[in-house]
Amino acid sequence: MSVELVAYVAFFLTMALTYAVMCLGLNVQWGQTGLFNVGVAGFVAIGAYVSALLTTPDAPDRFGGFGLPILVGWLGAALATGLASFLVGWLTIRLRADYLAIATFGVAVTVQLVALNLQSITGGPFGIGFIPRPFANLAGDPLAFSLLNLGVLIVVVALLYLALEHLLRSPWGRVLRAIREDETAALALGKNATRFRLQAFAIGGAIMGLAGATQAHFVGFIAPDNYVPLLTFQVWAMLIVGGSGNNRGAILGAILVWGIWAASAGAIASLFPPDQQARAAALRIVLIGIGLCAILLLRPRGILGEERIVSRHLARLKPARRTASNPTSPEP
Amino acid sequence: MTGPQPSALSTRALVAGYEPDLPIVRGVDFSIRSGELVIVLGPNGAGKSTFVKAIAGLVPIHSGATMLGGFDITAVPTHEKIRHGLAFVPQTENIFATMSIHDNLLLAANVLPKEKRSRRVADLYAMFPDLAARPSLRAGQLSGGQRQMLAVARALIVEPSVLILDEPSAGLSPKIVQEVFAQLKAINDTGVTIILVEQNVKAALAIADRAAILVEGQLRHEGPAATLAEDPIVAELYLGARPAGKAATP
Amino acid sequence: MNPQLIMDGLIAGAMIGLGAIGITLTYSILRFANFAHGEMISWGAYLALATSGLLGSLSGALLKPIGPFSFGWSLPLAVLAAVALTAGLALLVDALLFGPLRKRRSAVIIMVMASFGASLALRSLLEFIFTSKPVYFSKALQIALPLGGGLRATPDQLLSLAVAAILVVAIHILLTRTAIGRSMRAVSENQQLAGVAGIDARKVIRTVWMLGAGLACIAGVMAGLLVQIRPYMGFDLLLPLFAAAILGGIGSVPGAMLAGLIVGLAEALGVQLIGAEWRAAVAFMILVFVLLLRPQGLFGRAE
């Protein structure tokens, strides 16, 4: 295998793993807790911008550029996004299920707007450049550089995966699932469902913020255009394909969908003449939109499906209510 | 009570429940003659309510059949059943609370041919003067007893052959219960067949011709209302094996 | 304060209100927030544009402007066709996507997600067919007429306001005075009881889709006539639409229209005070305040 190919594969996988992190965050909110976030792109953007502000060198034409270490940036990104998620959740979680969806959608629109217009902080439409990349001193050696970056992402994803699996099996995770499967049963356990949901929403948001930060530092440059609703949709497609509620599925789905996305770019582009490439890009989005709807219709549990941990017991407890609170009805 | 009359409604080996693998009604053979008033009794969780909801089309039927006047209505969609003459009054939320009394009645009259609608609404107002007094009042502002009146009026507007009520006395004071039951008896006397699910055994037995007792989703006992009140089996099945002397108290 | 702000706000508000009526109706009957509703606005506008172009190519006389307006008879005729086509599109999406999900008793949130997918596919399909370049119903420029008190409006703008007002009154009468309107309110309040009372929920659902899509189409044509037609025009309206539907109280048609006007006026005020680039944030602020202070909306019932 040529060096270029290995470098490309490493680059591809690194990018895919940044999406895997977003997917893991969304999985905490949706897969474990049943909270619908239509503003993933907004939360990812918050993380990316916060980390960029904290770590870039001082810039004369905008606020910040604090030149802090990358790890501080990532931590700050996770904290800031977690806090933003907490506020949105606090506002809407006690209301109807889809008010949260509408509110998160509003967050995404507003974050996009702020990124675009608050030039003195976000750099406006041109975004922020010179975001420090890990192992930047090795940039001269593409192979080492890309492999080391891949290594960083693998470590991040692995640590997150282990932490989330641990959480999932902890009493906290079990209560969370119980709440999702059947609120009456969960309340009967004497737990405050709203508090648990809020915690899950904030943790999921923090992970999305971290994802935005790692991606920003891997690419080295961010702009409002990176955080359009399409991103939200891609992350959703990844989680649904992989199987919501399943952390391994979230990672697998991210790699798979990102692969399909990257491959379809070339395939569809080759069908259209150069002056029609904008059309080709639109068609690609049509196809992925139809694809997601088809998965919802045909295979609502995704490729890996969900791991059943406490749900069997609860299903026995209150069979009639399952359809009301479960993301998918049982197959007849 | 006298000679063989045509069955107004019957079920054959009816199995029904919300989940396919969890039948709540488990093979009920039931029949009611035209003009009869039958109460369905049974302990909590016996499947009384599920039984009548399945007949009305609100709970999926897994197997068996329901016949209305010799016509198989098992597969008839819920909203079509009223056109066949089967009216159902649910236990709770049995009126449209955000709509006026008049709109509630007009809504129900909608299944009738156009020329009959206003006449039937007028008929029902004549039957329930309480409702006629304030037709534009929002139904949600009615008292408990008046709500039941409106729910029954709504069901009667199509001149059903069979009227099914799921615990009409729930949440009403004893005095109002007497009024509602007297009203039901009067409706029954005009020839409407009535199936009544009740917890209020004493008051219901007083107006019923016959009683059917459901236990664990199966029909355990049937008999004339008058003798059932004194029946030790009723005491055992319905009230949980207490001496027959106390059986009449619900 | 500039009185022109009021006119701008009313016109934007009328479009938002018409769209929000569709959102509030589908929400109250189908019980989910339909993120694909914005696409009905865009599709309505493009369908009207295509039909109008087709009519114009058949007979040039149809393109001659009517009276003081910027468009010829091809547009009103095209609107009739586009309303029907948009309604058909909504029914098609329901038959292919939402209907099967409903039959399977999918959770609300699955419906929301499906609508999100449908929204993306429909929007990008427009982009694929028409590209993202803005287009217009008419190239004719209109002079704004003085209305007194410093207010000015073009004939097209006044017509749009009048059409919106007529439609709101018509929908309100439909809902409160007709059999299908009572059926819609009944299904919205209690679907089970409605079934027992002889109402076919499927028929009501079809009516709601057609009504919502038809109104969206007209809102889209208004937006196209007064601003421009872009594949993203409906999606960009989605947040104001949701804000208006929730502010008005889910299920309330007069509420949706009034709230649409409030959102439109607030946006105009926001544009004046902090700049046009922040327009979209105004709807978000309204949404946050409603959810904080009165989540059931102005005319909604507390749950």
# chains A, B, ... in the order shown; residues from 1 in each chain; ligands from 1
>>> residues_around(residues="range 62-67 of chain C", least_positions_apart="2", cutoff="12 Å", atoms="only C-alpha atoms", output="ChimeraX atom specification")
/C:51-60,69-78,137-142,155-156,159
>>> interface_residues(of="chain A", to="chain C", cutoff="8 Å", atoms="only C-alpha atoms", output="PyMOL selection string")
chain A and resi 36+91-92+95+97-98+102-103+105-107+109-110+113+117+230+233+278-280+282-283+285-290+292-293+296-297+323-329
>>> write_last_selection(atoms="N, CA, C and O atoms", output="compact mmCIF listing (two decimals), in the first residue's frame")
# COMPACT_ATOMS: atom_id res chain seq x y z
N PHE A 36 -35.03 14.16 21.94
CA PHE A 36 -34.78 14.42 20.52
C PHE A 36 -34.11 15.77 20.33
O PHE A 36 -34.68 16.79 20.66
N LEU A 91 -35.20 24.44 30.13
CA LEU A 91 -36.32 25.21 29.60
C LEU A 91 -37.44 24.30 29.10
O LEU A 91 -38.63 24.62 29.22
N THR A 92 -37.08 23.18 28.50
CA THR A 92 -38.09 22.43 27.73
C THR A 92 -38.38 21.01 28.19
O THR A 92 -39.39 20.45 27.79
N LEU A 95 -41.75 20.04 29.36
CA LEU A 95 -42.87 20.27 28.45
C LEU A 95 -43.05 19.08 27.52
O LEU A 95 -42.46 18.04 27.69
N ALA A 97 -42.74 16.47 24.46
CA ALA A 97 -41.50 15.89 23.94
C ALA A 97 -40.96 16.69 22.76
O ALA A 97 -39.76 16.93 22.66
N ASP A 98 -41.84 17.14 21.88
CA ASP A 98 -41.27 17.78 20.69
C ASP A 98 -40.99 19.27 20.88
O ASP A 98 -40.41 19.89 20.00
N ILE A 102 -38.07 21.41 18.98
CA ILE A 102 -38.20 22.75 18.39
C ILE A 102 -37.17 23.70 19.00
O ILE A 102 -36.53 24.48 18.30
N ALA A 103 -36.99 23.61 20.32
CA ALA A 103 -36.04 24.51 20.98
C ALA A 103 -34.61 24.25 20.52
O ALA A 103 -33.85 25.18 20.27
N PHE A 105 -33.74 23.01 17.71
CA PHE A 105 -33.68 23.54 16.35
C PHE A 105 -33.40 25.04 16.38
O PHE A 105 -32.56 25.56 15.64
N GLY A 106 -34.09 25.73 17.28
CA GLY A 106 -33.87 27.16 17.45
C GLY A 106 -32.44 27.47 17.86
O GLY A 106 -31.83 28.43 17.39
N VAL A 107 -31.88 26.63 18.75
CA VAL A 107 -30.50 26.83 19.18
C VAL A 107 -29.57 26.75 17.97
O VAL A 107 -28.68 27.59 17.79
N VAL A 109 -30.20 27.26 14.80
CA VAL A 109 -30.36 28.43 13.94
C VAL A 109 -29.64 29.64 14.55
O VAL A 109 -28.92 30.38 13.87
N THR A 110 -29.83 29.81 15.88
CA THR A 110 -29.27 30.98 16.53
C THR A 110 -27.74 30.91 16.61
O THR A 110 -27.06 31.92 16.40
N LEU A 113 -26.36 31.82 13.42
CA LEU A 113 -26.49 33.27 13.24
C LEU A 113 -25.39 34.02 13.99
O LEU A 113 -24.78 34.95 13.46
N ASN A 117 -22.55 36.37 12.41
CA ASN A 117 -22.68 37.82 12.57
C ASN A 117 -21.84 38.45 13.68
O ASN A 117 -21.57 39.63 13.64
N LEU A 230 -27.50 20.19 7.74
CA LEU A 230 -27.06 18.93 7.14
C LEU A 230 -26.23 18.12 8.12
O LEU A 230 -26.33 16.88 8.18
N PHE A 233 -28.29 16.28 10.49
CA PHE A 233 -28.93 15.19 9.80
C PHE A 233 -27.97 14.01 9.61
O PHE A 233 -28.34 12.85 9.79
N ALA A 278 -23.22 21.62 -8.24
CA ALA A 278 -24.11 22.02 -7.15
C ALA A 278 -25.34 21.12 -7.13
O ALA A 278 -25.82 20.71 -6.07
N ARG A 279 -25.83 20.80 -8.32
CA ARG A 279 -26.96 19.88 -8.43
C ARG A 279 -26.59 18.51 -7.88
O ARG A 279 -27.38 17.86 -7.19
N ALA A 280 -25.41 18.06 -8.22
CA ALA A 280 -24.97 16.75 -7.75
C ALA A 280 -24.98 16.72 -6.23
O ALA A 280 -25.47 15.76 -5.62
N ALA A 282 -26.81 18.48 -4.23
CA ALA A 282 -28.20 18.47 -3.76
C ALA A 282 -28.79 17.07 -3.87
O ALA A 282 -29.48 16.61 -2.96
N LEU A 283 -28.50 16.40 -4.97
CA LEU A 283 -29.05 15.07 -5.18
C LEU A 283 -28.55 14.11 -4.10
O LEU A 283 -29.28 13.26 -3.60
N ILE A 285 -27.89 14.84 -1.07
CA ILE A 285 -28.64 15.07 0.17
C ILE A 285 -30.04 14.48 0.05
O ILE A 285 -30.58 13.91 1.00
N VAL A 286 -30.64 14.58 -1.14
CA VAL A 286 -31.96 13.97 -1.35
C VAL A 286 -31.87 12.48 -1.03
O VAL A 286 -32.69 11.93 -0.29
N LEU A 287 -30.83 11.85 -1.57
CA LEU A 287 -30.71 10.40 -1.40
C LEU A 287 -30.53 10.03 0.07
O LEU A 287 -31.12 9.07 0.56
N ILE A 288 -29.72 10.80 0.79
CA ILE A 288 -29.50 10.44 2.19
C ILE A 288 -30.76 10.72 3.01
O ILE A 288 -31.08 9.97 3.94
N GLY A 289 -31.52 11.76 2.62
CA GLY A 289 -32.79 12.02 3.30
C GLY A 289 -33.77 10.89 3.11
O GLY A 289 -34.40 10.41 4.06
N ILE A 290 -33.87 10.42 1.87
CA ILE A 290 -34.77 9.30 1.59
C ILE A 290 -34.25 8.06 2.31
O ILE A 290 -35.03 7.27 2.86
N LEU A 292 -32.66 7.85 5.14
CA LEU A 292 -33.00 7.86 6.57
C LEU A 292 -34.47 7.51 6.78
O LEU A 292 -34.81 6.72 7.66
N CYS A 293 -35.33 8.08 5.93
CA CYS A 293 -36.76 7.76 6.05
C CYS A 293 -36.98 6.27 5.82
O CYS A 293 -37.77 5.64 6.51
N LEU A 296 -36.05 4.37 8.87
CA LEU A 296 -37.09 4.52 9.90
C LEU A 296 -38.27 3.60 9.60
O LEU A 296 -38.89 3.04 10.51
N LEU A 297 -38.58 3.45 8.31
CA LEU A 297 -39.72 2.63 7.93
C LEU A 297 -39.41 1.14 7.97
O LEU A 297 -40.22 0.34 8.40
N THR A 323 -45.68 1.01 23.64
CA THR A 323 -45.72 1.72 22.37
C THR A 323 -45.69 3.22 22.56
O THR A 323 -45.24 3.95 21.71
N ALA A 324 -46.15 3.66 23.69
CA ALA A 324 -46.25 5.11 23.88
C ALA A 324 -44.90 5.74 24.14
O ALA A 324 -44.65 6.86 23.73
N SER A 325 -43.99 5.03 24.81
CA SER A 325 -42.76 5.69 25.21
C SER A 325 -41.53 5.13 24.51
O SER A 325 -40.50 5.75 24.50
N ASN A 326 -41.65 3.98 23.90
CA ASN A 326 -40.50 3.40 23.25
C ASN A 326 -40.30 4.03 21.88
O ASN A 326 -41.25 4.38 21.22
N PRO A 327 -39.05 4.17 21.44
CA PRO A 327 -38.84 4.76 20.13
C PRO A 327 -39.46 3.92 19.00
O PRO A 327 -39.85 4.45 17.99
N THR A 328 -39.56 2.64 19.17
CA THR A 328 -40.15 1.84 18.11
C THR A 328 -41.10 0.83 18.72
O THR A 328 -40.86 0.31 19.79
N SER A 329 -42.18 0.55 18.01
CA SER A 329 -43.10 -0.46 18.49
C SER A 329 -42.48 -1.82 18.24
O SER A 329 -41.71 -1.99 17.31
>>> interface_residues(of="chain C", to="chain B", cutoff="6 Å", atoms="only C-alpha atoms", output="list of chain:residue names")
C:Gly195, C:Val196, C:Ala197, C:Gly198, C:Ile199, C:Asp200
>>> residues_around(residues="range 25-30 of chain A", least_positions_apart="3", cutoff="7 Å", atoms="only C-alpha atoms", output="PyMOL selection string")
chain A and resi 21-22+33-36+200-201+204-205+207-208+244-245
>>> interface_residues(of="chain B", to="chain A", cutoff="8 Å", atoms="only C-alpha atoms", output="JSON, numbers by chain")
{"B": [18, 19, 20]}
>>> residues_around(residues="Glu36 in chain B", least_positions_apart="6", cutoff="9 Å", atoms="only C-alpha atoms", output="ChimeraX atom specification")
/B:1,8,188,191-195,208-210
>>> select_by_dssp(residues="range 12-225 of chain B", states="helix (DSSP H, G or I)", output="NGL selection string")
:B and (48-56 or 78-84 or 101-109 or 114-127 or 129-133 or 139-141 or 144-156 or 174-189 or 201-207 or 225)
>>> closest_atom_pairs(of="range 31-85 of chain B", to="range 161-170 of chain B", cutoff="8 Å", atoms="only C-alpha atoms", output="Markdown table")
| residue | atom | partner | partner_atom | distance |
| --- | --- | --- | --- | --- |
| B:Ser49 | CA | B:Asp166 | CA | 6.4 |
| B:Val52 | CA | B:Ile164 | CA | 7.2 |
| B:Gly85 | CA | B:Ser161 | CA | 5.1 |
>>> atom_distance(atom1="CA of Ile179 in chain A", atom2="CA of Arg195 in chain A")
10.8 Å
>>> residues_around(residues="Arg284 in chain A", least_positions_apart="5", cutoff="8 Å", atoms="only C-alpha atoms", output="PyMOL selection string")
chain A and resi 264-265+268
>>> write_last_selection(atoms="all heavy atoms", output="PDB file, in the first residue's frame")
ATOM      1  N   SER A 264     -20.127   8.496  -2.064  1.00  0.00           N
ATOM      2  CA  SER A 264     -21.192   8.968  -2.948  1.00  0.00           C
ATOM      3  C   SER A 264     -20.813  10.305  -3.575  1.00  0.00           C
ATOM      4  O   SER A 264     -21.274  10.628  -4.667  1.00  0.00           O
ATOM      5  CB  SER A 264     -22.511   9.101  -2.178  1.00  0.00           C
ATOM      6  OG  SER A 264     -22.426  10.163  -1.262  1.00  0.00           O
ATOM      7  N   ALA A 265     -19.964  11.064  -2.896  1.00  0.00           N
ATOM      8  CA  ALA A 265     -19.528  12.345  -3.462  1.00  0.00           C
ATOM      9  C   ALA A 265     -18.894  12.107  -4.816  1.00  0.00           C
ATOM     10  O   ALA A 265     -19.276  12.714  -5.821  1.00  0.00           O
ATOM     11  CB  ALA A 265     -18.543  13.033  -2.522  1.00  0.00           C
ATOM     12  N   ILE A 268     -21.538  10.388  -7.463  1.00  0.00           N
ATOM     13  CA  ILE A 268     -22.569  11.269  -8.012  1.00  0.00           C
ATOM     14  C   ILE A 268     -21.935  12.397  -8.809  1.00  0.00           C
ATOM     15  O   ILE A 268     -22.437  12.778  -9.869  1.00  0.00           O
ATOM     16  CB  ILE A 268     -23.488  11.790  -6.889  1.00  0.00           C
ATOM     17  CG1 ILE A 268     -24.271  10.614  -6.319  1.00  0.00           C
ATOM     18  CG2 ILE A 268     -24.440  12.855  -7.408  1.00  0.00           C
ATOM     19  CD1 ILE A 268     -25.260  10.958  -5.256  1.00  0.00           C
TER      20      ILE A 268
END
>>> residues_around(residues="range 219-222 of chain B", least_positions_apart="3", cutoff="10 Å", atoms="only C-alpha atoms", output="VMD selection string")
chain B and resid 25 to 30 38 to 42 46 to 48 210 to 216 225 228 233 to 234 237
>>> select_by_dssp(residues="range 33-137 of chain B", states="strand (DSSP E)", output="PyMOL selection string")
chain B and resi 33+37-41+61-68+71-72+86-89
>>> write_last_selection(atoms="N, CA, C and O atoms", output="compact mmCIF listing (two decimals), in the first residue's frame")
# COMPACT_ATOMS: atom_id res chain seq x y z
N ARG B 33 -80.57 -10.19 24.15
CA ARG B 33 -81.75 -10.15 23.31
C ARG B 33 -82.18 -8.71 23.08
O ARG B 33 -81.86 -7.81 23.86
N LEU B 37 -81.82 -5.25 29.06
CA LEU B 37 -80.81 -4.43 29.71
C LEU B 37 -79.96 -5.38 30.55
O LEU B 37 -80.45 -5.98 31.51
N VAL B 38 -78.71 -5.54 30.15
CA VAL B 38 -77.83 -6.48 30.83
C VAL B 38 -76.69 -5.72 31.47
O VAL B 38 -76.10 -4.83 30.84
N ILE B 39 -76.38 -6.05 32.72
CA ILE B 39 -75.19 -5.44 33.31
C ILE B 39 -74.06 -6.46 33.31
O ILE B 39 -74.27 -7.66 33.49
N VAL B 40 -72.85 -5.94 33.04
CA VAL B 40 -71.65 -6.78 33.06
C VAL B 40 -70.93 -6.46 34.36
O VAL B 40 -70.51 -5.32 34.58
N LEU B 41 -70.81 -7.47 35.23
CA LEU B 41 -70.16 -7.27 36.52
C LEU B 41 -68.84 -8.04 36.54
O LEU B 41 -68.56 -8.84 35.65
N ILE B 61 -59.25 -6.94 18.41
CA ILE B 61 -59.79 -8.28 18.60
C ILE B 61 -58.80 -9.27 17.98
O ILE B 61 -58.40 -9.12 16.83
N HIS B 62 -58.38 -10.27 18.76
CA HIS B 62 -57.41 -11.24 18.25
C HIS B 62 -58.10 -12.37 17.50
O HIS B 62 -57.64 -12.82 16.46
N SER B 63 -59.21 -12.86 18.08
CA SER B 63 -59.96 -13.91 17.40
C SER B 63 -61.39 -13.88 17.92
O SER B 63 -61.70 -13.17 18.87
N GLY B 64 -62.25 -14.66 17.27
CA GLY B 64 -63.65 -14.65 17.65
C GLY B 64 -64.41 -13.63 16.83
O GLY B 64 -63.85 -13.01 15.91
N ALA B 65 -65.69 -13.42 17.16
CA ALA B 65 -66.50 -12.53 16.34
C ALA B 65 -67.51 -11.78 17.20
O ALA B 65 -67.87 -12.21 18.30
N THR B 66 -67.92 -10.60 16.72
CA THR B 66 -69.06 -9.89 17.32
C THR B 66 -70.13 -9.74 16.24
O THR B 66 -69.82 -9.37 15.11
N MET B 67 -71.36 -10.06 16.60
CA MET B 67 -72.47 -9.98 15.66
C MET B 67 -73.46 -8.95 16.16
O MET B 67 -73.78 -8.92 17.35
N LEU B 68 -73.95 -8.12 15.26
CA LEU B 68 -74.96 -7.13 15.62
C LEU B 68 -76.20 -7.42 14.79
O LEU B 68 -76.18 -7.25 13.57
N PHE B 71 -75.54 -9.59 11.91
CA PHE B 71 -74.54 -9.06 10.95
C PHE B 71 -73.17 -9.06 11.64
O PHE B 71 -73.03 -8.56 12.76
N ASP B 72 -72.16 -9.61 10.98
CA ASP B 72 -70.83 -9.69 11.58
C ASP B 72 -70.15 -8.32 11.52
O ASP B 72 -69.85 -7.82 10.44
N LEU B 86 -74.67 0.55 16.54
CA LEU B 86 -74.00 0.24 17.80
C LEU B 86 -73.42 1.53 18.37
O LEU B 86 -72.53 2.14 17.77
N ALA B 87 -73.92 1.96 19.52
CA ALA B 87 -73.41 3.19 20.14
C ALA B 87 -72.67 2.85 21.42
O ALA B 87 -73.09 1.97 22.18
N PHE B 88 -71.57 3.55 21.66
CA PHE B 88 -70.74 3.27 22.83
C PHE B 88 -70.46 4.56 23.58
O PHE B 88 -70.12 5.58 22.99
N VAL B 89 -70.61 4.51 24.90
CA VAL B 89 -70.29 5.66 25.75
C VAL B 89 -69.11 5.26 26.64
O VAL B 89 -69.27 4.43 27.54
>>> residues_around(residues="Ile23 in chain C", least_positions_apart="6", cutoff="12 Å", atoms="only C-alpha atoms", output="PyMOL selection string")
chain C and resi 16-17+29-41+208-209+211-216+237-246+248-253+255-257+260
>>> atom_distance(atom1="CA of Tyr46 in chain C", atom2="CA of Ala219 in chain C")
11.9 Å
